[in-house]
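Structure record follows, encoded as structure tokens.
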Amino acid sequence: MFRCGISYPRCRWILPLLLLFAVIFDIIAIAAQSGWVEDENAKTHYASMWKQCRGRNDQWDCKSLMEFPWAQAVAALMIIGLIILIIAFIISFVALCCSLNIPILPLIGGLLILAVIVQIIALIIYPVKFNEQIYEGYYDYTWAYGFGWGATILMLGCSILFCCLPRYEDELSGMAKTKYIYTSA
């Protein structure tokens with residue numbers, strides 16, 4: 001006989017794990033030295049959140065983007081989002097893995113929504129201002145910028161789950177009987 005159901009107690013481990021992946025993705029996006037923007041095949045121009053480099057054949061002239069107020073705002077917002085995410089991760093780990101503390105879960109969801117808003121603002125400001133002030137042809141937004149969006153999307157999904165989980169307190173604690181979605185005879 002085959003049964004298919006939802007195992008809510010596993011959410012206690014999966015959600016902090018997803019937040020850990022979001023933290024890793026955010027650190028990759030923030031720490032990347034290249035990979036936010038590059039021209040075709042990164043032949044003459046590329047940029048990260050921190051600097052832009054122009055040149056050819058291993059002769060690169062790099063300048064800090066931190067002289068632009070918009071770049072300072074992007075860096076500050078991304079770092080603030082990362083700090084909020086780390087706080088939410090620590091609280092979620094304690095609330096779900098060490099002991100089951102259901103009333104804290106909506107707080108974690110609220111923190112994650114705040115981090116999502118902050119990071120979406122940063123991830124939208126960067127390409128708009130880059131294209132407005134530095135644009136010199138066709139550019140691709142590449143892997144590190146994608147990691148920033150990946151972390152933001154993970155945070156958004158986890159925030160929704162954290163806000164919904166208090167409705168399933170008995171299921172999370174293992175007190176409720178498993179509800180099977182499908183049972184074959």
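Labels used: A, B, ... for chains in the order of the structure tokens, numbers from 1 for residues in each chain, and numbers from 1 for ligands as shown.
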
In chain A, DSSP strand (DSSP E or B) residues written as a VMD selection string: chain A and resid 3 to 5 37 to 39 45 to 47 51 to 56 59 to 64 139 to 141 180 to 183

Neighbour list for segment 15-27 of chain A as JSON, numbers by chain, cut-off 8 Å, only C-alpha atoms, skip fewer than 4 positions in-chain: {"A": [11, 31, 82, 85, 86, 89, 92, 93, 96, 147, 148, 150, 151, 152, 154, 155, 158]}

Expected answer as a PyMOL selection string: helix (DSSP H, G or I) residues in segment 58-102 of chain A: chain A and resi 65-67+69-98+102

Which residue of A:Leu114, A:Leu161, A:Ala122, A:Leu65 approaches Ile87 of chain A most closely, using only C-alpha atoms: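 Among the listed residues, A:Leu114 lies closest to Ile87 of chain A.
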
Might you pull out every residue within 12 Å of Ser34 of chain A, with only C-alpha atoms counted and same-chain residues fewer than 5 positions away left off, and present them as a CSV table (one decimal) with N, CA, C and O atoms, in the first residue's frame?
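Just written: around_18.csv:
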chain,number,residue,atom,x,y,z
A,28,ILE,N,27.5,35.3,-0.9
A,28,ILE,CA,28.1,35.2,-2.2
A,28,ILE,C,27.9,36.5,-3.0
A,28,ILE,O,28.8,37.0,-3.7
A,29,ALA,N,26.6,36.9,-3.0
A,29,ALA,CA,26.3,38.1,-3.8
A,29,ALA,C,27.0,39.4,-3.3
A,29,ALA,O,27.5,40.2,-4.1
A,39,ASP,N,30.0,43.3,-19.7
A,39,ASP,CA,29.6,43.5,-21.1
A,39,ASP,C,29.7,42.1,-21.7
A,39,ASP,O,29.9,41.1,-21.1
A,42,ALA,N,32.5,39.7,-20.9
A,42,ALA,CA,33.4,40.4,-19.9
A,42,ALA,C,34.7,40.7,-20.6
A,42,ALA,O,35.8,40.6,-20.0
A,45,HIS,N,34.6,45.3,-19.8
A,45,HIS,CA,34.0,46.0,-18.7
A,45,HIS,C,33.2,45.0,-17.8
A,45,HIS,O,32.4,44.3,-18.4
A,46,TYR,N,33.4,45.0,-16.5
A,46,TYR,CA,32.6,44.3,-15.6
A,46,TYR,C,32.5,45.1,-14.3
A,46,TYR,O,33.3,45.9,-14.0
A,47,ALA,N,31.5,44.7,-13.5
A,47,ALA,CA,31.3,45.4,-12.3
A,47,ALA,C,30.7,44.5,-11.2
A,47,ALA,O,30.0,43.5,-11.6
A,48,SER,N,31.1,44.7,-10.0
A,48,SER,CA,30.5,44.1,-8.8
A,48,SER,C,29.6,45.1,-8.1
A,48,SER,O,29.4,46.2,-8.6
A,49,MET,N,29.2,44.8,-6.9
A,49,MET,CA,28.5,45.7,-6.1
A,49,MET,C,29.5,46.8,-5.6
A,49,MET,O,29.1,47.9,-5.3
A,50,TRP,N,30.7,46.5,-5.6
A,50,TRP,CA,31.7,47.4,-5.0
A,50,TRP,C,32.6,48.2,-6.0
A,50,TRP,O,33.0,49.3,-5.7
A,51,LYS,N,32.9,47.6,-7.1
A,51,LYS,CA,33.8,48.3,-8.0
A,51,LYS,C,33.4,47.9,-9.5
A,51,LYS,O,32.7,47.0,-9.7
A,52,GLN,N,34.0,48.7,-10.4
A,52,GLN,CA,33.9,48.4,-11.8
A,52,GLN,C,35.3,48.4,-12.4
A,52,GLN,O,36.2,49.1,-12.0
A,53,CYS,N,35.5,47.6,-13.4
A,53,CYS,CA,36.8,47.4,-14.0
A,53,CYS,C,36.7,47.5,-15.5
A,53,CYS,O,35.7,46.9,-16.1
A,54,ARG,N,37.6,48.3,-16.2
A,54,ARG,CA,37.6,48.4,-17.6
A,54,ARG,C,39.0,48.0,-18.1
A,54,ARG,O,40.0,48.3,-17.4
A,62,CYS,N,40.6,49.4,-12.4
A,62,CYS,CA,39.4,49.3,-11.5
A,62,CYS,C,39.2,50.5,-10.7
A,62,CYS,O,40.1,51.1,-10.2
A,141,TYR,N,23.4,41.0,-16.6
A,141,TYR,CA,23.5,40.9,-15.2
A,141,TYR,C,23.7,39.4,-14.9
A,141,TYR,O,22.9,38.6,-15.3
A,142,THR,N,24.8,39.1,-14.2
A,142,THR,CA,25.3,37.7,-14.2
A,142,THR,C,25.1,37.1,-12.8
A,142,THR,O,24.3,37.4,-12.0
A,143,TRP,N,26.0,36.1,-12.6
A,143,TRP,CA,25.8,35.1,-11.5
A,143,TRP,C,25.7,35.7,-10.1
A,143,TRP,O,24.8,35.3,-9.3
A,144,ALA,N,26.5,36.7,-9.7
A,144,ALA,CA,26.4,37.2,-8.3
A,144,ALA,C,25.1,38.0,-8.1
A,144,ALA,O,24.5,37.9,-7.1
A,145,TYR,N,24.7,38.7,-9.1
A,145,TYR,CA,23.4,39.4,-9.1
A,145,TYR,C,22.3,38.4,-9.0
A,145,TYR,O,21.3,38.6,-8.2

d(atom CA of Cys98 of chain A, atom CA of Phe162 of chain A) in Å: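 It comes out at 16.4 Å.
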